[in-house]
Structures are given as structure tokens and as C-alpha cells.
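Next up, run_12.cif (mmCIF, C-alpha atoms):
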```
data_data
#
loop_
_atom_site.label_atom_id
_atom_site.label_comp_id
_atom_site.auth_asym_id
_atom_site.auth_seq_id
_atom_site.Cartn_x
_atom_site.Cartn_y
_atom_site.Cartn_z
CA MET A 6 0.00 0.00 0.00
CA LYS A 7 2.85 2.31 0.92
CA LYS A 8 4.59 1.58 -2.39
CA LEU A 9 1.37 2.32 -4.29
CA LEU A 10 1.03 5.63 -2.46
CA ILE A 11 4.62 6.58 -3.31
CA PHE A 12 3.95 5.60 -6.95
CA LEU A 13 0.83 7.79 -7.05
CA ILE A 14 2.73 10.69 -5.55
CA ILE A 15 5.45 10.35 -8.18
CA ILE A 16 2.82 10.17 -10.95
CA SER A 17 1.04 13.21 -9.58
CA ALA A 18 4.28 15.17 -9.33
CA GLY A 19 5.17 14.22 -12.90
CA ILE A 20 1.79 15.31 -14.17
CA GLY A 21 2.08 18.55 -12.23
CA ILE A 22 5.48 19.30 -13.74
CA PHE A 23 4.21 18.40 -17.22
CA TYR A 24 1.14 20.60 -16.75
CA TYR A 25 3.27 23.50 -15.52
CA GLN A 26 5.61 23.21 -18.47
CA GLU A 27 2.81 22.91 -21.01
CA THR A 28 0.95 25.96 -19.74
CA ALA A 29 3.94 28.16 -18.88
CA ILE A 30 3.61 29.99 -22.19
CA CYS A 31 0.10 31.06 -21.15
CA ARG A 32 1.25 32.54 -17.84
CA ASN A 33 4.41 34.41 -18.82
CA PRO A 34 5.16 36.40 -22.00
CA LEU A 35 7.32 34.49 -24.47
CA SER A 36 10.60 36.37 -24.87
CA TYR A 37 12.04 36.65 -28.36
CA ASP A 38 15.12 38.05 -30.04
CA ILE A 39 16.11 38.90 -33.61
CA VAL A 40 19.08 36.68 -34.39
CA ASN A 41 19.89 36.54 -38.12
CA PHE A 42 18.89 39.59 -40.14
CA ASP A 43 19.57 39.67 -43.90
CA THR A 44 19.71 43.18 -45.35
CA HIS A 45 18.89 42.05 -48.92
CA PHE A 46 15.18 42.50 -48.21
CA GLY A 47 15.63 46.29 -48.21
CA ILE A 48 14.08 46.76 -44.78
CA SER A 49 15.90 48.19 -41.75
CA LYS A 50 16.27 46.11 -38.62
CA ASP A 51 14.37 48.74 -36.61
CA LYS A 52 11.46 48.51 -39.05
CA PHE A 53 11.57 44.72 -38.88
CA ILE A 54 11.46 44.77 -35.07
CA ALA A 55 8.59 47.27 -35.17
CA THR A 56 6.70 44.95 -37.54
CA VAL A 57 7.27 41.98 -35.23
CA GLN A 58 5.84 44.07 -32.41
CA GLU A 59 2.81 44.94 -34.54
CA SER A 60 2.34 41.22 -35.17
CA GLU A 61 2.50 40.33 -31.49
CA THR A 62 -0.02 43.11 -30.78
CA ILE A 63 -2.53 41.32 -33.02
CA TRP A 64 -2.51 38.42 -30.55
CA GLU A 65 -2.26 40.52 -27.41
CA LYS A 66 -5.06 42.87 -28.43
CA GLY A 67 -7.21 39.89 -29.36
CA VAL A 68 -6.93 38.24 -25.92
CA GLY A 69 -6.27 41.28 -23.74
CA ARG A 70 -2.93 40.30 -22.24
CA ASP A 71 0.81 40.28 -22.92
CA LEU A 72 1.97 37.18 -24.74
CA PHE A 73 5.36 38.23 -26.10
CA ALA A 74 8.29 40.39 -25.05
CA TYR A 75 11.22 41.53 -27.16
CA LYS A 76 14.36 40.72 -25.19
CA PRO A 77 17.97 40.22 -26.37
CA GLY A 78 18.80 36.59 -25.82
CA GLY A 79 15.09 35.67 -25.63
CA LYS A 80 13.95 32.09 -25.89
CA LEU A 81 12.25 32.48 -29.30
CA LYS A 82 14.70 33.24 -32.10
CA ILE A 83 13.44 35.16 -35.13
CA ASN A 84 15.42 35.17 -38.38
CA LEU A 85 15.06 36.97 -41.70
CA VAL A 86 16.54 34.72 -44.37
CA TYR A 87 16.96 35.79 -48.01
CA ASP A 88 16.84 33.06 -50.66
CA ASP A 89 15.17 32.14 -53.97
CA ARG A 90 11.71 32.48 -52.43
CA GLN A 91 12.15 36.22 -51.94
CA VAL A 92 13.58 36.52 -55.46
CA THR A 93 10.34 34.97 -56.75
CA THR A 94 8.30 37.34 -54.58
CA GLN A 95 10.20 40.35 -55.94
CA GLU A 96 9.57 39.10 -59.49
CA ALA A 97 5.88 38.87 -58.65
CA VAL A 98 5.88 42.45 -57.33
CA GLN A 99 7.65 43.69 -60.47
CA SER A 100 5.21 41.76 -62.64
CA GLN A 101 2.28 43.32 -60.80
CA GLU A 102 3.80 46.78 -61.21
CA GLN A 103 4.16 46.17 -64.96
CA ILE A 104 0.52 45.09 -65.11
CA GLU A 105 -0.57 48.25 -63.28
CA THR A 106 1.53 50.39 -65.65
CA SER A 107 0.06 48.62 -68.68
CA ARG A 108 -3.45 48.92 -67.24
CA ALA A 109 -2.94 52.66 -66.68
CA ALA A 110 -1.74 53.03 -70.28
CA TYR A 111 -4.73 51.01 -71.50
CA ASP A 112 -7.17 53.09 -69.45
CA SER A 113 -5.63 56.31 -70.77
CA LEU A 114 -5.72 55.15 -74.40
CA SER A 115 -9.23 53.76 -73.98
CA SER A 116 -10.36 57.10 -72.56
CA GLN A 117 -8.85 58.92 -75.56
CA TYR A 118 -10.63 56.52 -77.90
CA LYS A 119 -14.00 57.06 -76.22
CA SER A 120 -13.58 60.85 -76.35
CA LEU A 121 -12.60 60.72 -80.01
CA GLU A 122 -15.45 58.33 -80.77
CA THR A 123 -17.94 60.69 -79.11
CA ALA A 124 -16.59 63.65 -81.09
CA TYR A 125 -16.61 61.64 -84.34
CA LYS A 126 -20.22 60.56 -83.87
CA SER A 127 -21.22 64.15 -83.17
CA ASP A 128 -19.37 65.44 -86.26
CA LEU A 129 -20.80 62.64 -88.40
CA SER A 130 -24.33 63.45 -87.23
CA ALA A 131 -23.82 67.13 -88.07
CA TYR A 132 -22.38 66.20 -91.48
CA ASP A 133 -25.30 63.89 -92.28
CA TYR A 134 -27.70 66.69 -91.35
CA GLN A 135 -25.91 69.17 -93.66
CA VAL A 136 -25.88 66.63 -96.50
CA SER A 137 -29.62 66.12 -96.06
CA ARG A 138 -30.21 69.88 -96.18
CA PHE A 139 -28.00 70.19 -99.25
CA GLU A 140 -29.91 67.43 -101.04
CA GLN A 141 -33.24 69.08 -100.23
CA GLN A 142 -32.03 72.49 -101.46
CA LEU A 143 -30.52 70.87 -104.57
CA ASP A 144 -33.82 69.14 -105.34
CA LEU A 145 -35.66 72.46 -104.91
CA TYR A 146 -33.15 74.22 -107.19
CA ASN A 147 -33.48 71.52 -109.88
CA THR A 148 -37.27 71.81 -109.66
CA LYS A 149 -37.09 75.58 -110.24
CA VAL A 150 -34.76 75.11 -113.22
CA ALA A 151 -37.07 72.52 -114.71
CA GLU A 152 -40.08 74.79 -114.30
CA ALA A 153 -38.23 77.70 -115.91
CA ASN A 154 -37.18 75.53 -118.86
CA LYS A 155 -40.74 74.28 -119.20
CA LYS A 156 -41.93 77.88 -119.57
CA GLY A 157 -39.39 78.48 -122.33
CA GLY A 158 -36.78 80.10 -120.13
CA ALA A 159 -36.38 82.09 -116.99
CA THR A 160 -36.92 85.82 -116.72
CA PRO A 161 -33.80 87.92 -116.01
CA LYS A 162 -34.84 88.24 -112.39
CA GLU A 163 -35.50 84.49 -112.08
CA TYR A 164 -32.23 83.74 -113.84
CA GLU A 165 -30.26 85.93 -111.42
CA GLN A 166 -31.95 84.27 -108.43
CA LEU A 167 -31.21 80.82 -109.83
CA GLN A 168 -27.56 81.79 -110.34
CA GLN A 169 -27.31 82.93 -106.70
CA GLU A 170 -28.80 79.64 -105.51
CA LYS A 171 -26.40 77.74 -107.77
CA ARG A 172 -23.37 79.55 -106.35
CA TYR A 173 -24.63 78.94 -102.80
CA LEU A 174 -25.10 75.24 -103.51
CA GLU A 175 -21.65 74.98 -105.05
CA ASP A 176 -20.10 76.65 -101.98
CA LEU A 177 -22.10 74.34 -99.72
CA LYS A 178 -20.93 71.33 -101.73
CA THR A 179 -17.31 72.45 -101.40
CA GLU A 180 -17.77 72.89 -97.64
CA LEU A 181 -19.37 69.45 -97.36
CA GLU A 182 -16.45 67.91 -99.24
CA ARG A 183 -14.02 69.48 -96.77
CA ASP A 184 -16.11 68.06 -93.93
CA ARG A 185 -16.13 64.63 -95.61
CA VAL A 186 -12.34 64.60 -95.92
CA ALA A 187 -11.98 65.73 -92.30
CA LEU A 188 -14.41 63.01 -91.17
CA ASN A 189 -12.48 60.36 -93.11
CA THR A 190 -9.28 61.51 -91.44
CA GLU A 191 -11.03 61.44 -88.08
CA ALA A 192 -12.39 57.95 -88.80
CA SER A 193 -8.94 56.70 -89.80
CA ARG A 194 -7.49 58.05 -86.57
CA LEU A 195 -10.34 56.48 -84.61
CA ASN A 196 -9.77 53.09 -86.28
CA TYR A 197 -6.02 53.29 -85.64
CA LEU A 198 -6.58 54.21 -82.00
CA GLY A 199 -9.12 51.38 -81.70
CA ASP A 200 -6.56 48.93 -83.03
CA GLN A 201 -4.04 50.23 -80.50
CA VAL A 202 -6.54 49.82 -77.68
CA ASN A 203 -7.32 46.26 -78.77
CA GLN A 204 -3.65 45.34 -79.08
CA LEU A 205 -2.89 46.81 -75.67
CA ALA A 206 -5.87 44.94 -74.20
CA ARG A 207 -4.63 41.66 -75.67
CA ARG A 208 -1.11 42.25 -74.35
CA LEU A 209 -2.51 43.19 -70.95
CA ASN A 210 -4.66 40.06 -70.83
CA ILE A 211 -1.70 37.89 -71.79
CA THR A 212 0.46 39.55 -69.15
CA VAL A 213 -2.24 39.05 -66.50
CA ASP A 214 -2.69 35.41 -67.51
CA ILE A 215 1.05 34.78 -67.25
CA HIS A 216 1.20 36.58 -63.90
CA ASN A 217 -1.73 34.59 -62.52
CA GLU A 218 -0.23 31.35 -63.77
CA ARG A 219 3.05 32.07 -62.01
CA PHE A 220 1.99 33.99 -58.94
CA GLY A 221 -1.81 34.10 -58.73
CA GLU A 222 -2.61 31.05 -56.65
CA ALA A 223 -3.47 31.39 -52.98
CA ARG A 224 -0.27 30.85 -51.02
CA GLU A 225 0.18 28.49 -48.17
CA PHE A 226 2.00 29.97 -45.20
CA ASP A 227 5.37 28.78 -46.48
CA GLN A 228 6.83 32.27 -46.47
CA GLY A 229 8.07 31.43 -43.03
CA ASP A 230 8.21 28.55 -40.60
CA TYR A 231 8.45 27.78 -36.91
CA ILE A 232 10.75 24.96 -35.83
CA ASN A 233 12.23 24.32 -32.39
CA ASN A 234 11.71 27.79 -30.90
CA LYS A 235 12.89 29.44 -34.09
CA ILE A 236 10.87 31.52 -36.56
CA SER A 237 12.42 32.01 -40.00
CA VAL A 238 10.88 34.39 -42.53
CA TYR A 239 11.90 33.82 -46.15
CA GLN A 240 9.70 36.07 -48.25
CA PHE A 241 7.17 38.91 -48.16
CA GLU A 242 5.79 41.45 -50.61
CA GLY A 243 5.46 44.38 -48.25
CA ILE A 244 5.09 45.35 -44.60
CA ALA A 245 1.44 44.25 -44.42
CA ASP A 246 2.41 40.90 -45.91
CA LEU A 247 5.33 40.52 -43.47
CA ARG A 248 3.12 41.42 -40.50
CA LEU A 249 0.64 38.66 -41.34
CA VAL A 250 3.38 36.06 -41.88
CA LEU A 251 4.94 36.93 -38.52
CA ALA A 252 1.56 36.85 -36.76
CA HIS A 253 0.90 33.38 -38.18
CA GLU A 254 4.30 32.02 -37.09
CA LEU A 255 3.96 33.66 -33.66
CA GLY A 256 0.73 31.68 -33.32
CA HIS A 257 2.68 28.50 -33.97
CA ALA A 258 5.24 29.63 -31.38
CA LEU A 259 2.36 29.77 -28.90
CA GLY A 260 1.68 26.13 -29.70
CA ILE A 261 -1.36 26.76 -31.90
CA GLY A 262 -2.04 24.74 -35.03
CA HIS A 263 -4.08 25.65 -38.09
CA VAL A 264 -7.79 26.49 -37.83
CA ASP A 265 -10.60 26.16 -40.38
CA ASN A 266 -11.74 29.76 -40.89
CA PRO A 267 -10.16 31.18 -44.11
CA LYS A 268 -10.13 34.65 -42.52
CA SER A 269 -8.20 33.48 -39.46
CA ILE A 270 -4.59 34.36 -38.76
CA MET A 271 -3.98 30.64 -38.25
CA TYR A 272 -5.65 29.44 -41.47
CA TYR A 273 -3.18 27.46 -43.57
CA LEU A 274 -3.66 29.63 -46.67
CA MET A 275 -2.75 33.29 -47.05
CA GLU A 276 -5.72 34.47 -49.07
CA LYS A 277 -8.76 35.98 -47.31
CA GLN A 278 -7.20 37.62 -44.25
CA ASP A 279 -7.41 41.40 -43.96
CA LEU A 280 -3.84 42.53 -44.65
CA ASN A 281 -4.46 46.14 -43.73
CA ASN A 282 -6.35 45.49 -40.49
CA PRO A 283 -5.42 41.99 -39.33
CA ALA A 284 -7.25 40.71 -36.26
CA LEU A 285 -7.89 37.43 -34.50
CA THR A 286 -11.04 35.57 -35.44
CA GLN A 287 -13.03 33.68 -32.83
CA GLU A 288 -11.40 30.51 -34.12
CA ASP A 289 -7.94 31.98 -33.40
CA LYS A 290 -9.03 32.97 -29.90
CA ASN A 291 -10.59 29.57 -29.25
CA ALA A 292 -7.40 27.82 -30.34
CA LEU A 293 -5.36 29.89 -27.87
CA ILE A 294 -7.88 29.31 -25.07
CA GLU A 295 -7.78 25.58 -25.71
CA ARG A 296 -3.98 25.68 -25.73
CA CYS A 297 -3.93 27.39 -22.35
CA GLN A 298 -6.57 25.16 -20.79
CA PHE A 299 -4.39 22.08 -20.73
CA ARG A 300 -6.32 19.31 -19.05
CA ILE A 301 -4.75 16.93 -16.48
CA PRO A 302 -5.81 13.31 -17.14
CA LYS A 303 -7.29 11.55 -14.16
CA LEU A 304 -4.88 9.32 -12.26
CA GLN A 305 -7.24 6.39 -12.66
CA GLU A 306 -7.05 6.76 -16.46
CA LEU A 307 -3.24 6.66 -16.28
CA LEU A 308 -3.28 3.59 -14.11
CA ASN A 309 -5.67 1.61 -16.32
#
```
Render the structure in this file as C-alpha cells.
Amino acid sequence: MKKLLIFLIIISAGIGIFYYQETAICRNPLSYDIVNFDTHFGISKDKFIATVQESETIWEKGVGRDLFAYKPGGKLKINLVYDDRQVTTQEAVQSQEQIETSRAAYDSLSSQYKSLETAYKSDLSAYDYQVSRFEQQLDLYNTKVAEANKKGGATPKEYEQLQQEKRYLEDLKTELERDRVALNTEASRLNYLGDQVNQLARRLNITVDIHNERFGEAREFDQGDYINNKISVYQFEGIADLRLVLAHELGHALGIGHVDNPKSIMYYLMEKQDLNNPALTQEDKNALIERCQFRIPKLQELLN
């Protein structure tokens, strides 16, 4: 009986120590330090540290308590490691910038085309109206000439009036011809600009398709990893991107796995989270609560 009691005491002590170790991270802030910092990312170390602190604040604000503390020599080591992954990310950023530049050029050219098209349609409508008036006046003039000829000739007064109308019609015809030439030039320019817009649209679509094929898929959180009290960040597009990656890996450092909500910090894909205003979802909070509510198995269950 005495031996059994001693055995139970030892088991209880072991469980107590195990429980204390497993939940220590929930009682005291996890200290961290920046160990390896590669300058090829183009970000200063101070800015990187500030971004880490923003990432830890996402967790601390979400649960209302301190969970991390920046401390030289801290237990958690954070590294910024430059390799081919960041090269690919930079290529993606450059590709996106080219797309935005091409899209801006397309929008500008398309706007010019629409303005020119509107002006052309207005000019064409005015020209068609003038042609219709000219044809009506020409028909009326020809009718008067025919009537005069039918009477055996026009009187001097009628003849002079007909001559004035003839000169007016000839001037109007000359003016209409100038308008026709100008419209043809305008139409040619419009067609050329339309071809340019279509070519630019095709190039833009091809560029977007290539970009999406190479970079457009939702990314798993492989921009960084957490292994043995060490967070390593390998790639990010910008500060907002870096902040989310760090927040995700800090969650792993707290002992939290992936959750099912696509908007959660701890979702396995980086796709639907709010980059500009990242915050814990209820699933993130529940995962941390569950992590900190480590349950001690009953002694009887251990003995069976």
C-alpha cells in the first residue's frame, strides 16, 4: 500500500510538472530576439522589429494580455533569411507593377478613344444633317430650273436668283467635301486608335494570364516557418504581408495549429485575411484558449 502511495505521488508530481511546463507559455510572456537579419530585403532592422511588435499586438489585443516580449537573448529566435523564395516574390511584385503600368496606359488610351469616338459621332451626325439639307435644297433648285425651262426660259430676275442659288449650292458642296475629308481623317485616326486599344488589351490580358499562372494562386503559409523555438521568414511582398506572416508564425510559437476559418490568422492559406487590419477571429481565440486550458488526465485513467 505504501509503495502504491509513493507511486501515485510520483505520478502526480510528474503530471504537475508536465502541466506546468505545457501551460507556462500562457502565464508568462514568451521572450524573443532577432538573431539573423539579412539586409537584402531592403528593410531596416528597426522597421523589422517594429513589424514583429505589430504582429504580437494582433494576438495581445485579441486576448487582452501580454503574450510576447522583445528581449535580447530571448527564448524564441526570429530570423530573416533571403533566398530564392524572396527573389520569386520580388519578381511577382515587379510583374504586378508592370501590369498596373500597362493597365494605366490602356485606361488612358481607352479614354482617348472614347472621347474621339464621341466627337466623331457628333461630327458625323452634323455632317449627315448638312448633306440632307444640301440634297433638299438641290432638289428644290433643280425643280425651279425645270419649271423655268418648261416655260421656255427664266426671266432675267429668275435667272439671277437661280444663279445665286447655284453659287450657294456649289459653296455648300465644297464645304461638305471638306467636312467629308476631315471626317475620313477622323475615322482613320479612330480606327487606328481602336486597333491600338485592342492590341494593348490583348497584351494586358496575356500579361495578366502569365502573372496569374506564375503567382496568382493562394499561397500556403510557407513564407516562413516555426521549428524548435525558431521563426524564420523567407519572403514577403510588403510590410502588411510581413506582419501577417509573422503573426501566423507567432501563433505556432504559442503552440497553436491551423484552424478552419479562411479569414483566421492561423488558417493554412494566405488568401482571405485582412492585410491592412489583421485581427484574430473567434477561431484563433478559441485555439489559444484551448492551448492554455491544458487538461490533467485523471490518475485512474493513467493507471488503467
| request: Choose the residue, out of A:Tyr118, A:Tyr197, A:Tyr164, A:Phe139, that has the smallest atom-to-atom separation from A:Glu180; count all atoms listed in the file. | output: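 Under the stated criterion, the closest residue is A:Phe139.
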When you look at A:Ile39 with a cut-off of 7 Å (counting all atoms listed in the file), what residues show up, excluding the ones that are within fewer than 4 positions of it in the same chain? I need them as a PDB file with C-alpha atoms, in the frame of the given file.
```
ATOM      1  CA  LYS A  82      14.700  33.240 -32.100  1.00  0.00           C
ATOM      2  CA  ILE A  83      13.440  35.160 -35.130  1.00  0.00           C
ATOM      3  CA  ASN A  84      15.420  35.170 -38.380  1.00  0.00           C
TER       4      ASN A  84
END
```
Of A:Ser36, A:Asn234, A:Ser107, A:Gln278, the one sitting nearest A:Gly78 when using all atoms listed in the file is A:Ser36
When you look at A:Phe241 with a cut-off of 8 Å (counting all atoms listed in the file), what residues show up, excluding the ones that are within fewer than 4 positions of it in the same chain? I need them as a PyMOL selection string.
chain A and resi 91+94+228+246-247+250
Considering all atoms listed in the file, state which residue in the set A:Gln117, A:Ser60, A:Asn33, A:Thr212 is at the smallest distance from A:Ala284.
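Ranking A:Gln117, A:Ser60, A:Asn33, A:Thr212 by distance to A:Ala284, first place goes to A:Ser60.
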**OP:** Rank nothing, just name the residue among A:Thr286, A:Gln142, A:Ser116, A:Ser193 nearest to A:Lys66, using all atoms listed in the file.
**Re:**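 Ranked by minimum distance to A:Lys66, first place goes to A:Thr286.
What the PyMOL selection byres ((chain A and resi 42) around 9) picks from this file is Ile39, Val40, Asn41, Asp43, Thr44, Lys50, Ile83, Asn84, Leu85, Val86 and Tyr87 of chain A.
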One decimal place gives the atom CA of A:Ala206-atom CA of A:Asn189 separation as 25.3 Å
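Reported to one decimal place, the separation of atom CA of A:Arg183 from atom CA of A:Leu167 is 24.4 Å.
The shortest atom-to-atom distance to A:His257, with only C-alpha atoms taken into account, belongs to A:Leu81 out of A:Leu195, A:Thr179, A:Leu81, A:Val213.
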Give me stretch 270-283 of chain A with N, CA and C atoms filled in, as a short mmCIF file (atom, residue, chain, number, x, y, z; two decimals), in the frame of the given file.
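Saved the output as result_4.cif:
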```
data_model
loop_
_atom_site.label_atom_id
_atom_site.label_comp_id
_atom_site.auth_asym_id
_atom_site.auth_seq_id
_atom_site.Cartn_x
_atom_site.Cartn_y
_atom_site.Cartn_z
N ILE A 270 -6.05 34.23 -38.71
CA ILE A 270 -4.59 34.36 -38.76
C ILE A 270 -3.96 32.97 -38.90
N MET A 271 -4.56 31.98 -38.27
CA MET A 271 -3.98 30.64 -38.25
C MET A 271 -4.57 29.72 -39.32
N TYR A 272 -5.23 30.27 -40.34
CA TYR A 272 -5.65 29.44 -41.47
C TYR A 272 -4.40 29.10 -42.28
N TYR A 273 -4.41 27.93 -42.92
CA TYR A 273 -3.18 27.46 -43.57
C TYR A 273 -2.87 28.19 -44.87
N LEU A 274 -3.88 28.87 -45.45
CA LEU A 274 -3.66 29.63 -46.67
C LEU A 274 -3.64 31.12 -46.38
N MET A 275 -2.80 31.82 -47.14
CA MET A 275 -2.75 33.29 -47.05
C MET A 275 -3.56 33.84 -48.22
N GLU A 276 -4.85 34.10 -47.96
CA GLU A 276 -5.72 34.47 -49.07
C GLU A 276 -6.80 35.47 -48.67
N LYS A 277 -7.58 35.16 -47.63
CA LYS A 277 -8.76 35.98 -47.31
C LYS A 277 -8.59 36.80 -46.04
N GLN A 278 -7.42 36.79 -45.43
CA GLN A 278 -7.20 37.62 -44.25
C GLN A 278 -7.14 39.09 -44.65
N ASP A 279 -7.46 39.96 -43.73
CA ASP A 279 -7.41 41.40 -43.96
C ASP A 279 -5.98 41.87 -43.71
N LEU A 280 -5.25 42.14 -44.79
CA LEU A 280 -3.84 42.53 -44.65
C LEU A 280 -3.68 43.87 -43.97
N ASN A 281 -4.60 44.78 -44.26
CA ASN A 281 -4.46 46.14 -43.73
C ASN A 281 -4.90 46.26 -42.28
N ASN A 282 -5.87 45.45 -41.88
CA ASN A 282 -6.35 45.49 -40.49
C ASN A 282 -6.48 44.07 -39.95
N PRO A 283 -5.36 43.38 -39.80
CA PRO A 283 -5.42 41.99 -39.33
C PRO A 283 -5.90 41.90 -37.89
#
```
